[in-house]
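Presented below is the structure to which this report refers.
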Amino acid sequence: MKKINIDRDWLFQENSIDRKTVYPEIAVDLPHDFIVAKPRHPENPGTVANGFFGNGVGTYRKELDVPQSWLDGTVLLDIDGAYMNAEVWLNGELLSLHPYGYTAFLTDLTDTLKPGRNRLRIVTESLQPSTRWYSGGGLYRSVSIWTGGKTVIRPWDMFITTPVIEDKRAVAEAGIVITGGDEKERPVLLKVSITDPEGRTVSELKKDIVIRKGKNTEKLVLEIKEPLLWDIGQGNMYKAVASVESGSDVIDSAEAFFGIRKLTVDADNGLTLNGRPVKLKGGCIHHDNGLLGAAAYPRAEERKIEILREAGFNAVRISHYPPSLSMLETCDRQGMLLLDEAFDCFRIAKNPLDYHLYFEAWWERDIESMVLRDRNHPCVITYSIGNEIIERDGSSGGAEIARALADKIRSLDDTRFVISALHNLFPDPEKGEEMTAMDANTLTGDSEDDYWGRRTKAYTDCLDIVGYNYLRDRYEKDRERFPGRVIVCTESFPFYQWDYWQGVMDNSHVIGDFTWTAYDNLGEVGVGRVEWGTDEKIPFFGEWPWRTCWQGDHDLIGTRRPQSYFRKIMWGDEKVPAVFTTHPCHYGESFVGTRWHWYDVSDSWTYPDEYEGKPVPVQVYGAGDRAEFFVNGKKAGETEIRNNLGETDIIYEKGTLEAVVLSDGKEWGRTTLETAGDPFSVVLSADRTDLKGDRKDLSYITVTVTDSKGRRVPWSKAELCCSVSKGGILKGFGSGDPRSLDAFGTWKCHAFEGRALAIVAVDGTCEAEVTVTGEGLKAAKLSIRGSL
């Protein structure tokens, strides 16, 4: 079937207010959110978290000019994601309903189409609270139409596996379902050809078959010589093209991209990829794209993975729902492993309006959607049936449900591992369980009655790998309690990342660690914050104006945070130390975090004059045993390094702070911080200046406030204004400030730590000029070119 993207030029209506797809205030095309992220305010006590997404009905209308050829064949609407309770209407007829906001779905338009003008309408209704994070709303992923004849290979109906992989050859099995539309049997030729990553045909096979009305399943086995393996950082993608032919006519064709790679896992050898052991250096990510909300622009998804790869990650866990197709495709191309996930709940609610309302009626269809769409993507190595499911203790039919989901997944794809992420159990007094949570979860492993292990065993029996959320203390004991169990840490605390990673390295049955989180996200606000001047336990969520979680290794605009530098050094992927300081106003104060926090430090040696001659707390990260510090060339201190972290106090003096990390007396590496002067100018740096003029390709322009010598001014919160000339579209403008009061989607924002970000697209063939100004600052300009 032929795929036609129809993302552009929809008419949009929200709560009876008509307006174009491109918002006047946020300038966003489809895919997009139809309500922007709102910070909670004390006057709105009914909201559960900052960065929330409100209730709303979004209606999308589009007129289709349908040729006669469509009416003689098959036409499908493909919606990759609509949040939530989607309805598809065509010419006044309701054709489909789809409650879940995170799975793709197909709607058959064939029988309702008519020649000429057709009216397509898609309605979404966001009901809140329905998630524990910022959900977004509306058509936030791609929308396409598939066209073909009466006999077709529908989307997701070709599955390529590689059961044999050797040094010199691989065997590819192409499982194909052909949907016959003719009443009579029809002899046809089925042909499959495979091209390698360079576009060269490397295998081809033909088979005479007979097509009957309805589903026809065929399997062709092809040999590929000298296969190029898909691997971490090596996105070698093959393409299989299947065609159904009669004489010289091609009745229908379909294509599927796939990778050739071999995965094994067991408790003794851990995870192996293409024959070598691999530890998963993982991060959990939510689906939002910061300043763009939940909109799944392909370039936004691509950039996120590029940033994570540069920081040392080799795997991402999509939390807690299936990702966009764009995310799968970029992970394929970049060689990033991916843990797919289906649900955040089963039948028991975590929020009043979440998926538990639909689970019993819809789980099977949504599992099918996830697996059938995702199973050709080599980046996908596991399917998770759920995260922190309340029924994980076997209550309320949890074990039976888990088994049904796992069996369903394996019936569709038996080449990948089935997992689920479990965390602590909380004893229920209604059931007479009076022990403490610590005793219930036996985190020390000393209890004779392993309450957690006993209660979760039936649930986990159907899993290939068991995900442990924050259960590091169980790793070694559970090797004895559950022989053969393979564990992956599906969530870990950033503050204790060293301990979690040592648990992975010390245990062959623990195959990796996924920090919560790799990238800051909207919602779950302020969980990663630090509060100074207190020893008391702090609330889980931060108060207004917190708007992001602030747990990520990267902030909302993709800037690396201090814990990311520590992590990359810990993983052995960085040979340059990093040095950070705590603002001297906190000297001598105690602080409290939530375990999802990191130290309140920044890469700054720029403080007000009043702190000259006073001590500044300094941290250095490096794979050594000792560090020496120099201020303006003079030795100012030294410290022992333990577990890659050293701390000391250095007397503040403007100029240069240099940290030298030593290992066994030899220099391992050095790094510096410089004092910046007063803000002087704005500097722009674009990741790309040549774009497709399709209004969806994006340029990410880093905005930096610098002094007269070009040094970033780390304390600058300058108000910045961004303008884009004709042909350019400002998609987003903002900073990584987790407590910013700036409205998303406007042309103004305040710098955070001297940085901001502009996201720009172009419409057609043009050259758009981007200008950023700030009061008292030298303005900066940059040109972005678009072409069709």
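Letters A, B, ... go to the chains of the structure tokens in the order shown; residues in each chain start at 1; ligands are counted from 1 in the same order.
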All helix (DSSP H, G or I) positions in stretch 442-560 of chain A, as a PDB file with N, CA and C atoms, in the first residue's frame:
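New file states_9.pdb:
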```pdb
ATOM      1  N   TYR A 451       8.504 -11.396  52.031  1.00  0.00           N
ATOM      2  CA  TYR A 451       7.152 -10.976  51.664  1.00  0.00           C
ATOM      3  C   TYR A 451       7.091 -10.533  50.201  1.00  0.00           C
ATOM      4  N   TRP A 452       8.023  -9.676  49.789  1.00  0.00           N
ATOM      5  CA  TRP A 452       8.002  -9.160  48.414  1.00  0.00           C
ATOM      6  C   TRP A 452       8.166 -10.293  47.401  1.00  0.00           C
ATOM      7  N   GLY A 453       9.180 -11.127  47.630  1.00  0.00           N
ATOM      8  CA  GLY A 453       9.425 -12.217  46.693  1.00  0.00           C
ATOM      9  C   GLY A 453       8.267 -13.195  46.627  1.00  0.00           C
ATOM     10  N   ARG A 454       7.680 -13.487  47.780  1.00  0.00           N
ATOM     11  CA  ARG A 454       6.558 -14.431  47.826  1.00  0.00           C
ATOM     12  C   ARG A 454       5.337 -13.879  47.122  1.00  0.00           C
ATOM     13  N   ARG A 455       5.038 -12.596  47.352  1.00  0.00           N
ATOM     14  CA  ARG A 455       3.816 -12.020  46.794  1.00  0.00           C
ATOM     15  C   ARG A 455       3.929 -11.738  45.298  1.00  0.00           C
ATOM     16  N   THR A 456       5.136 -11.482  44.801  1.00  0.00           N
ATOM     17  CA  THR A 456       5.287 -11.135  43.386  1.00  0.00           C
ATOM     18  C   THR A 456       5.639 -12.321  42.500  1.00  0.00           C
ATOM     19  N   LYS A 457       5.924 -13.480  43.072  1.00  0.00           N
ATOM     20  CA  LYS A 457       6.431 -14.604  42.280  1.00  0.00           C
ATOM     21  C   LYS A 457       5.459 -15.028  41.185  1.00  0.00           C
ATOM     22  N   ALA A 458       4.185 -15.172  41.490  1.00  0.00           N
ATOM     23  CA  ALA A 458       3.224 -15.625  40.486  1.00  0.00           C
ATOM     24  C   ALA A 458       3.132 -14.622  39.332  1.00  0.00           C
ATOM     25  N   TYR A 459       3.228 -13.349  39.655  1.00  0.00           N
ATOM     26  CA  TYR A 459       3.175 -12.304  38.627  1.00  0.00           C
ATOM     27  C   TYR A 459       4.395 -12.374  37.723  1.00  0.00           C
ATOM     28  N   THR A 460       5.572 -12.628  38.294  1.00  0.00           N
ATOM     29  CA  THR A 460       6.813 -12.587  37.520  1.00  0.00           C
ATOM     30  C   THR A 460       7.137 -13.895  36.820  1.00  0.00           C
ATOM     31  N   ARG A 472      17.666  -2.064  44.513  1.00  0.00           N
ATOM     32  CA  ARG A 472      19.075  -2.443  44.412  1.00  0.00           C
ATOM     33  C   ARG A 472      19.496  -3.436  45.490  1.00  0.00           C
ATOM     34  N   ASP A 473      18.964  -3.295  46.699  1.00  0.00           N
ATOM     35  CA  ASP A 473      19.398  -4.139  47.805  1.00  0.00           C
ATOM     36  C   ASP A 473      18.989  -5.603  47.644  1.00  0.00           C
ATOM     37  N   ARG A 474      18.165  -5.894  46.654  1.00  0.00           N
ATOM     38  CA  ARG A 474      17.721  -7.268  46.457  1.00  0.00           C
ATOM     39  C   ARG A 474      18.581  -8.045  45.445  1.00  0.00           C
ATOM     40  N   TYR A 475      19.462  -7.371  44.718  1.00  0.00           N
ATOM     41  CA  TYR A 475      20.146  -8.005  43.593  1.00  0.00           C
ATOM     42  C   TYR A 475      20.818  -9.324  43.972  1.00  0.00           C
ATOM     43  N   GLU A 476      21.707  -9.286  44.951  1.00  0.00           N
ATOM     44  CA  GLU A 476      22.505 -10.464  45.252  1.00  0.00           C
ATOM     45  C   GLU A 476      21.671 -11.566  45.885  1.00  0.00           C
ATOM     46  N   LYS A 477      20.824 -11.230  46.820  1.00  0.00           N
ATOM     47  CA  LYS A 477      20.008 -12.247  47.480  1.00  0.00           C
ATOM     48  C   LYS A 477      19.032 -12.911  46.516  1.00  0.00           C
ATOM     49  N   ASP A 478      18.529 -12.137  45.540  1.00  0.00           N
ATOM     50  CA  ASP A 478      17.548 -12.717  44.626  1.00  0.00           C
ATOM     51  C   ASP A 478      18.179 -13.674  43.618  1.00  0.00           C
ATOM     52  N   ARG A 479      19.494 -13.629  43.469  1.00  0.00           N
ATOM     53  CA  ARG A 479      20.158 -14.669  42.672  1.00  0.00           C
ATOM     54  C   ARG A 479      19.959 -16.027  43.348  1.00  0.00           C
ATOM     55  N   GLU A 480      19.982 -16.031  44.692  1.00  0.00           N
ATOM     56  CA  GLU A 480      19.781 -17.278  45.440  1.00  0.00           C
ATOM     57  C   GLU A 480      18.301 -17.634  45.542  1.00  0.00           C
ATOM     58  N   ARG A 481      17.458 -16.621  45.788  1.00  0.00           N
ATOM     59  CA  ARG A 481      16.033 -16.893  45.961  1.00  0.00           C
ATOM     60  C   ARG A 481      15.373 -17.365  44.666  1.00  0.00           C
ATOM     61  N   PRO A 494      18.930   8.973  40.833  1.00  0.00           N
ATOM     62  CA  PRO A 494      20.142   9.654  40.357  1.00  0.00           C
ATOM     63  C   PRO A 494      21.184   9.868  41.449  1.00  0.00           C
ATOM     64  N   PHE A 495      20.723  10.169  42.675  1.00  0.00           N
ATOM     65  CA  PHE A 495      21.653  10.507  43.742  1.00  0.00           C
ATOM     66  C   PHE A 495      22.523   9.321  44.133  1.00  0.00           C
ATOM     67  N   TYR A 496      22.030   8.097  43.886  1.00  0.00           N
ATOM     68  CA  TYR A 496      22.776   6.891  44.246  1.00  0.00           C
ATOM     69  C   TYR A 496      23.235   6.130  42.997  1.00  0.00           C
ATOM     70  N   GLN A 497      23.514   6.851  41.928  1.00  0.00           N
ATOM     71  CA  GLN A 497      23.830   6.182  40.675  1.00  0.00           C
ATOM     72  C   GLN A 497      25.085   5.333  40.769  1.00  0.00           C
ATOM     73  N   TRP A 498      26.064   5.744  41.556  1.00  0.00           N
ATOM     74  CA  TRP A 498      27.272   4.943  41.697  1.00  0.00           C
ATOM     75  C   TRP A 498      26.943   3.570  42.268  1.00  0.00           C
ATOM     76  N   ASP A 499      26.160   3.527  43.326  1.00  0.00           N
ATOM     77  CA  ASP A 499      25.813   2.259  43.967  1.00  0.00           C
ATOM     78  C   ASP A 499      24.995   1.373  43.030  1.00  0.00           C
ATOM     79  N   TYR A 500      24.057   1.979  42.303  1.00  0.00           N
ATOM     80  CA  TYR A 500      23.251   1.188  41.376  1.00  0.00           C
ATOM     81  C   TYR A 500      24.117   0.591  40.272  1.00  0.00           C
ATOM     82  N   TRP A 501      25.059   1.385  39.747  1.00  0.00           N
ATOM     83  CA  TRP A 501      25.881   0.870  38.661  1.00  0.00           C
ATOM     84  C   TRP A 501      26.835  -0.224  39.146  1.00  0.00           C
ATOM     85  N   GLN A 502      27.358  -0.079  40.358  1.00  0.00           N
ATOM     86  CA  GLN A 502      28.199  -1.147  40.897  1.00  0.00           C
ATOM     87  C   GLN A 502      27.402  -2.428  41.057  1.00  0.00           C
ATOM     88  N   GLY A 503      26.117  -2.302  41.409  1.00  0.00           N
ATOM     89  CA  GLY A 503      25.262  -3.481  41.489  1.00  0.00           C
ATOM     90  C   GLY A 503      25.099  -4.175  40.153  1.00  0.00           C
ATOM     91  N   VAL A 504      25.092  -3.388  39.086  1.00  0.00           N
ATOM     92  CA  VAL A 504      25.021  -3.969  37.741  1.00  0.00           C
ATOM     93  C   VAL A 504      26.339  -4.658  37.396  1.00  0.00           C
ATOM     94  N   MET A 505      27.446  -3.996  37.650  1.00  0.00           N
ATOM     95  CA  MET A 505      28.751  -4.527  37.255  1.00  0.00           C
ATOM     96  C   MET A 505      29.143  -5.749  38.080  1.00  0.00           C
TER      97      MET A 505
END
```
For this session: Can you pull out every residue within 10 Å of A:Met370, counting only C-alpha atoms, but drop anything in the same chain fewer than 3 positions away, and send it as a PyMOL selection string?
Result: chain A and resi 102-105+321-323+340-342+365-367+373-375+383+409
Write a file of the just-selected residues containing C-alpha atoms, as a PDB file, in the first residue's frame.
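Wrote it out as out_7.pdb, contents follow:
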```
ATOM      1  CA  TYR A 102      -0.444   6.151  23.200  1.00  0.00           C
ATOM      2  CA  THR A 103      -1.110   3.373  20.679  1.00  0.00           C
ATOM      3  CA  ALA A 104      -1.397   3.741  16.922  1.00  0.00           C
ATOM      4  CA  PHE A 105      -4.584   2.603  15.209  1.00  0.00           C
ATOM      5  CA  TYR A 321       3.578   3.635  27.019  1.00  0.00           C
ATOM      6  CA  PRO A 322       4.567   2.832  23.434  1.00  0.00           C
ATOM      7  CA  PRO A 323       6.666   5.527  21.719  1.00  0.00           C
ATOM      8  CA  ASP A 340       9.027  -0.745  24.756  1.00  0.00           C
ATOM      9  CA  GLU A 341       6.236  -0.500  27.343  1.00  0.00           C
ATOM     10  CA  ALA A 342       2.497  -1.020  27.120  1.00  0.00           C
ATOM     11  CA  ARG A 365      -6.168  -4.577  20.872  1.00  0.00           C
ATOM     12  CA  ASP A 366      -3.609  -2.193  22.328  1.00  0.00           C
ATOM     13  CA  ILE A 367      -1.051  -4.977  22.784  1.00  0.00           C
ATOM     14  CA  ARG A 373       3.729  -1.808  14.639  1.00  0.00           C
ATOM     15  CA  ASP A 374       7.018  -2.186  16.521  1.00  0.00           C
ATOM     16  CA  ARG A 375       8.220  -5.742  15.844  1.00  0.00           C
ATOM     17  CA  TYR A 383       8.181  -5.495  25.536  1.00  0.00           C
ATOM     18  CA  ILE A 409       2.878 -10.672  23.010  1.00  0.00           C
TER      19      ILE A 409
END
```
Sorted by chain and rising residue number, list the residues of stretch 597-644 of chain A at most 9 Å from stretch 668-673 of chain A (counting only C-alpha atoms), each with its closest atom pair and distance in Å to one decimal, as JSON lines.
```
{"residue": "A:Asp603", "atom": "CA", "partner": "A:Leu673", "partner_atom": "CA", "distance": 7.0}
{"residue": "A:Ser604", "atom": "CA", "partner": "A:Leu673", "partner_atom": "CA", "distance": 6.5}
{"residue": "A:Trp605", "atom": "CA", "partner": "A:Leu673", "partner_atom": "CA", "distance": 5.8}
{"residue": "A:Thr606", "atom": "CA", "partner": "A:Leu673", "partner_atom": "CA", "distance": 8.8}
{"residue": "A:Gly622", "atom": "CA", "partner": "A:Gly669", "partner_atom": "CA", "distance": 7.8}
{"residue": "A:Ala623", "atom": "CA", "partner": "A:Trp668", "partner_atom": "CA", "distance": 7.4}
{"residue": "A:Gly624", "atom": "CA", "partner": "A:Trp668", "partner_atom": "CA", "distance": 6.6}
```
For this session: Would you list the contacts of A:Val661 as a count of residues only, taking every protein, DNA or RNA residue within 12 Å and counting only C-alpha atoms, but skipping same-chain residues closer than 6 positions in sequence?
Result: 31
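Counting only C-alpha atoms, A:Leu90 has the following residues at most 12 Å away, ignoring those fewer than 3 positions along the same chain: Tyr60, Arg61, Lys62, Glu63, Leu64, Leu76, Leu77, Glu87, Glu93, Leu94, Leu95, Ser96, Thr107, Asp108, Leu109, Thr110, Asp111, Thr112, Leu113, Lys114, Arg117, Asn118, Arg119, Leu120, Arg121, Ile122 and Val123 of chain A.
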Write a file of the selected residues as a tab-separated table (two decimals), in the first residue's frame, keeping N, CA, C and O atoms.
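This went into selection.tsv:
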```
chain	number	residue	atom	x	y	z
A	60	TYR	N	-10.64	18.11	14.75
A	60	TYR	CA	-9.79	18.36	13.59
A	60	TYR	C	-10.60	18.02	12.33
A	60	TYR	O	-11.15	16.92	12.22
A	61	ARG	N	-10.66	18.95	11.39
A	61	ARG	CA	-11.42	18.75	10.16
A	61	ARG	C	-10.52	18.90	8.95
A	61	ARG	O	-9.66	19.78	8.90
A	62	LYS	N	-10.76	18.03	7.97
A	62	LYS	CA	-9.97	18.08	6.75
A	62	LYS	C	-10.83	17.57	5.60
A	62	LYS	O	-11.58	16.60	5.75
A	63	GLU	N	-10.75	18.25	4.47
A	63	GLU	CA	-11.46	17.80	3.28
A	63	GLU	C	-10.50	17.01	2.39
A	63	GLU	O	-9.38	17.44	2.13
A	64	LEU	N	-10.95	15.84	1.96
A	64	LEU	CA	-10.17	14.97	1.10
A	64	LEU	C	-10.79	14.97	-0.29
A	64	LEU	O	-12.00	14.70	-0.43
A	76	LEU	N	-7.02	3.28	4.14
A	76	LEU	CA	-6.93	3.21	5.59
A	76	LEU	C	-6.39	4.51	6.15
A	76	LEU	O	-5.49	5.13	5.57
A	77	LEU	N	-6.93	4.94	7.27
A	77	LEU	CA	-6.41	6.08	8.01
A	77	LEU	C	-5.51	5.55	9.12
A	77	LEU	O	-5.91	4.66	9.88
A	87	GLU	N	-12.18	9.79	18.22
A	87	GLU	CA	-13.28	9.38	17.35
A	87	GLU	C	-12.91	9.75	15.91
A	87	GLU	O	-12.42	10.85	15.66
A	93	GLU	N	-20.36	9.90	9.31
A	93	GLU	CA	-20.46	8.55	9.87
A	93	GLU	C	-19.32	8.31	10.86
A	93	GLU	O	-18.15	8.57	10.54
A	94	LEU	N	-19.66	7.82	12.05
A	94	LEU	CA	-18.65	7.45	13.03
A	94	LEU	C	-18.07	6.09	12.65
A	94	LEU	O	-18.79	5.09	12.61
A	95	LEU	N	-16.75	6.06	12.38
A	95	LEU	CA	-16.13	4.83	11.90
A	95	LEU	C	-15.33	4.09	12.96
A	95	LEU	O	-15.24	2.86	12.92
A	96	SER	N	-14.74	4.82	13.91
A	96	SER	CA	-13.95	4.12	14.92
A	96	SER	C	-13.81	4.95	16.18
A	96	SER	O	-13.92	6.19	16.15
A	107	THR	N	-7.96	2.88	10.74
A	107	THR	CA	-9.40	2.95	10.50
A	107	THR	C	-9.65	2.76	9.01
A	107	THR	O	-9.06	3.46	8.19
A	108	ASP	N	-10.52	1.82	8.67
A	108	ASP	CA	-10.83	1.55	7.27
A	108	ASP	C	-11.86	2.56	6.79
A	108	ASP	O	-12.99	2.62	7.28
A	109	LEU	N	-11.46	3.38	5.81
A	109	LEU	CA	-12.35	4.41	5.26
A	109	LEU	C	-13.06	3.94	3.98
A	109	LEU	O	-13.95	4.65	3.48
A	110	THR	N	-12.69	2.77	3.48
A	110	THR	CA	-13.05	2.37	2.12
A	110	THR	C	-14.54	2.50	1.81
A	110	THR	O	-14.93	3.14	0.82
A	111	ASP	N	-15.38	1.91	2.65
A	111	ASP	CA	-16.81	1.82	2.32
A	111	ASP	C	-17.56	3.13	2.51
A	111	ASP	O	-18.72	3.25	2.10
A	112	THR	N	-16.94	4.12	3.13
A	112	THR	CA	-17.64	5.38	3.41
A	112	THR	C	-17.18	6.50	2.49
A	112	THR	O	-17.78	7.58	2.48
A	113	LEU	N	-16.14	6.27	1.73
A	113	LEU	CA	-15.67	7.29	0.80
A	113	LEU	C	-16.62	7.44	-0.38
A	113	LEU	O	-17.33	6.50	-0.75
A	114	LYS	N	-16.60	8.63	-0.96
A	114	LYS	CA	-17.39	8.90	-2.17
A	114	LYS	C	-16.52	9.70	-3.13
A	114	LYS	O	-15.52	10.29	-2.73
A	117	ARG	N	-15.26	15.40	-3.04
A	117	ARG	CA	-14.99	15.95	-1.71
A	117	ARG	C	-15.56	15.06	-0.60
A	117	ARG	O	-16.73	14.69	-0.61
A	118	ASN	N	-14.68	14.75	0.38
A	118	ASN	CA	-15.07	13.97	1.55
A	118	ASN	C	-14.65	14.74	2.79
A	118	ASN	O	-13.58	15.35	2.82
A	119	ARG	N	-15.47	14.69	3.81
A	119	ARG	CA	-15.21	15.44	5.04
A	119	ARG	C	-14.74	14.47	6.14
A	119	ARG	O	-15.52	13.65	6.61
A	120	LEU	N	-13.48	14.62	6.52
A	120	LEU	CA	-12.89	13.81	7.58
A	120	LEU	C	-12.83	14.63	8.86
A	120	LEU	O	-12.42	15.79	8.84
A	121	ARG	N	-13.26	14.03	9.94
A	121	ARG	CA	-13.26	14.72	11.24
A	121	ARG	C	-12.71	13.78	12.31
A	121	ARG	O	-13.14	12.63	12.42
A	122	ILE	N	-11.75	14.27	13.06
A	122	ILE	CA	-11.18	13.51	14.17
A	122	ILE	C	-11.41	14.31	15.45
A	122	ILE	O	-11.06	15.49	15.52
A	123	VAL	N	-11.98	13.67	16.43
A	123	VAL	CA	-12.29	14.32	17.71
A	123	VAL	C	-11.47	13.64	18.80
A	123	VAL	O	-11.41	12.40	18.87
```
For this session: Tell me which protein, DNA and RNA residues are within 10 Å of stretch 219-234 of chain A, counting only C-alpha atoms, leaving out same-chain ones fewer than 3 positions away, and put them as a PyMOL selection string.
Result: chain A and resi 158-162+164-177+190-197+201-207+237-238+258-262+273-274+278+309+313-315+331-337+378-379
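Here the question is which of A:Trp715, A:Phe744, A:Phe733, A:Phe580 gets nearest to A:Val601 using only C-alpha atoms, and that residue is A:Phe580.
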For this session: Write down as a PyMOL selection string the residues belonging to stretch 389-485 of chain A that are assigned strand (DSSP E or B) by DSSP computed on the backbone.
Result: chain A and resi 417-422+465-469
Could you take the residues named above and write them with all heavy atoms, as a JSON list (two decimals), in the first residue's frame?
```
[["chain", "number", "residue", "atom", "x", "y", "z"],
["A", 417, "PHE", "N", 12.15, -10.21, 24.39],
["A", 417, "PHE", "CA", 11.93, -10.58, 25.78],
["A", 417, "PHE", "C", 10.74, -9.82, 26.36],
["A", 417, "PHE", "O", 10.53, -8.64, 26.06],
["A", 417, "PHE", "CB", 13.18, -10.30, 26.60],
["A", 417, "PHE", "CG", 14.44, -10.87, 26.01],
["A", 417, "PHE", "CD1", 15.47, -10.05, 25.60],
["A", 417, "PHE", "CD2", 14.57, -12.24, 25.81],
["A", 417, "PHE", "CE1", 16.63, -10.56, 25.04],
["A", 417, "PHE", "CE2", 15.72, -12.78, 25.25],
["A", 417, "PHE", "CZ", 16.76, -11.93, 24.86],
["A", 418, "VAL", "N", 9.99, -10.49, 27.23],
["A", 418, "VAL", "CA", 8.86, -9.87, 27.91],
["A", 418, "VAL", "C", 9.29, -9.52, 29.32],
["A", 418, "VAL", "O", 9.86, -10.36, 30.04],
["A", 418, "VAL", "CB", 7.65, -10.81, 27.94],
["A", 418, "VAL", "CG1", 6.49, -10.16, 28.70],
["A", 418, "VAL", "CG2", 7.22, -11.18, 26.51],
["A", 419, "ILE", "N", 9.03, -8.28, 29.71],
["A", 419, "ILE", "CA", 9.41, -7.82, 31.05],
["A", 419, "ILE", "C", 8.24, -7.08, 31.69],
["A", 419, "ILE", "O", 7.22, -6.81, 31.07],
["A", 419, "ILE", "CB", 10.64, -6.89, 31.01],
["A", 419, "ILE", "CG1", 10.29, -5.53, 30.37],
["A", 419, "ILE", "CG2", 11.79, -7.54, 30.26],
["A", 419, "ILE", "CD1", 11.40, -4.50, 30.51],
["A", 420, "SER", "N", 8.42, -6.72, 32.95],
["A", 420, "SER", "CA", 7.54, -5.79, 33.65],
["A", 420, "SER", "C", 8.35, -5.15, 34.75],
["A", 420, "SER", "O", 9.25, -5.79, 35.31],
["A", 420, "SER", "CB", 6.31, -6.50, 34.24],
["A", 420, "SER", "OG", 5.42, -5.57, 34.82],
["A", 421, "ALA", "N", 8.09, -3.90, 35.04],
["A", 421, "ALA", "CA", 8.85, -3.15, 36.05],
["A", 421, "ALA", "C", 8.10, -3.17, 37.37],
["A", 421, "ALA", "O", 6.96, -2.72, 37.46],
["A", 421, "ALA", "CB", 9.08, -1.72, 35.59],
["A", 422, "LEU", "N", 8.75, -3.69, 38.42],
["A", 422, "LEU", "CA", 8.14, -3.81, 39.74],
["A", 422, "LEU", "C", 8.90, -2.93, 40.73],
["A", 422, "LEU", "O", 10.11, -2.74, 40.61],
["A", 422, "LEU", "CB", 8.19, -5.26, 40.24],
["A", 422, "LEU", "CG", 7.19, -6.26, 39.63],
["A", 422, "LEU", "CD1", 7.59, -6.62, 38.20],
["A", 422, "LEU", "CD2", 7.12, -7.51, 40.48],
["A", 465, "ILE", "N", 12.52, -11.34, 31.75],
["A", 465, "ILE", "CA", 13.38, -10.45, 32.53],
["A", 465, "ILE", "C", 12.48, -9.73, 33.51],
["A", 465, "ILE", "O", 11.38, -9.30, 33.15],
["A", 465, "ILE", "CB", 14.10, -9.43, 31.62],
["A", 465, "ILE", "CG1", 14.95, -10.15, 30.55],
["A", 465, "ILE", "CG2", 14.96, -8.48, 32.44],
["A", 465, "ILE", "CD1", 15.48, -9.20, 29.47],
["A", 466, "VAL", "N", 12.94, -9.56, 34.74],
["A", 466, "VAL", "CA", 12.14, -8.86, 35.75],
["A", 466, "VAL", "C", 12.76, -7.48, 35.97],
["A", 466, "VAL", "O", 13.95, -7.36, 36.27],
["A", 466, "VAL", "CB", 12.08, -9.64, 37.07],
["A", 466, "VAL", "CG1", 11.17, -8.91, 38.07],
["A", 466, "VAL", "CG2", 11.56, -11.05, 36.83],
["A", 467, "GLY", "N", 11.96, -6.46, 35.79],
["A", 467, "GLY", "CA", 12.42, -5.10, 36.02],
["A", 467, "GLY", "C", 12.30, -4.73, 37.49],
["A", 467, "GLY", "O", 11.26, -4.93, 38.11],
["A", 468, "TYR", "N", 13.38, -4.20, 38.05],
["A", 468, "TYR", "CA", 13.41, -3.77, 39.45],
["A", 468, "TYR", "C", 13.48, -2.25, 39.48],
["A", 468, "TYR", "O", 14.46, -1.66, 39.00],
["A", 468, "TYR", "CB", 14.62, -4.35, 40.17],
["A", 468, "TYR", "CG", 14.49, -5.77, 40.65],
["A", 468, "TYR", "CD1", 13.72, -6.71, 39.97],
["A", 468, "TYR", "CD2", 15.16, -6.20, 41.79],
["A", 468, "TYR", "CE1", 13.61, -8.02, 40.40],
["A", 468, "TYR", "CE2", 15.07, -7.51, 42.25],
["A", 468, "TYR", "CZ", 14.29, -8.41, 41.55],
["A", 468, "TYR", "OH", 14.18, -9.72, 41.98],
["A", 469, "ASN", "N", 12.49, -1.62, 40.07],
["A", 469, "ASN", "CA", 12.50, -0.18, 40.29],
["A", 469, "ASN", "C", 12.93, 0.09, 41.73],
["A", 469, "ASN", "O", 12.21, -0.26, 42.67],
["A", 469, "ASN", "CB", 11.12, 0.43, 40.05],
["A", 469, "ASN", "CG", 10.73, 0.48, 38.60],
["A", 469, "ASN", "OD1", 11.44, -0.03, 37.74],
["A", 469, "ASN", "ND2", 9.59, 1.09, 38.30]]
```
Problem set entry | Test item: residues at most 7 Å from A:Thr582, only C-alpha atoms, excluding those fewer than 3 positions along its chain, as a list of chain:residue names |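 Result of the neighbour search: A:Asp600, A:Val601, A:Ser602, A:Val616, A:Pro617, A:Val618.
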Residue neighbourhood A:Glu255, 8 Å, only C-alpha atoms, exclusion window fewer than 3 positions, as a compact mmCIF listing (two decimals) with N, CA and C atoms, in the first residue's frame:
```txt
# COMPACT_ATOMS: atom_id res chain seq x y z
N MET A 158 3.64 -7.36 7.46
CA MET A 158 4.86 -8.05 7.04
C MET A 158 5.84 -8.02 8.20
N LYS A 239 16.16 -3.35 3.91
CA LYS A 239 14.77 -3.12 3.49
C LYS A 239 14.26 -4.33 2.71
N ALA A 240 13.10 -4.83 3.15
CA ALA A 240 12.43 -5.91 2.43
C ALA A 240 11.23 -5.31 1.70
N VAL A 241 11.11 -5.63 0.41
CA VAL A 241 9.97 -5.20 -0.39
C VAL A 241 9.24 -6.44 -0.89
N ALA A 242 7.96 -6.53 -0.55
CA ALA A 242 7.13 -7.63 -1.01
C ALA A 242 6.14 -7.09 -2.04
```
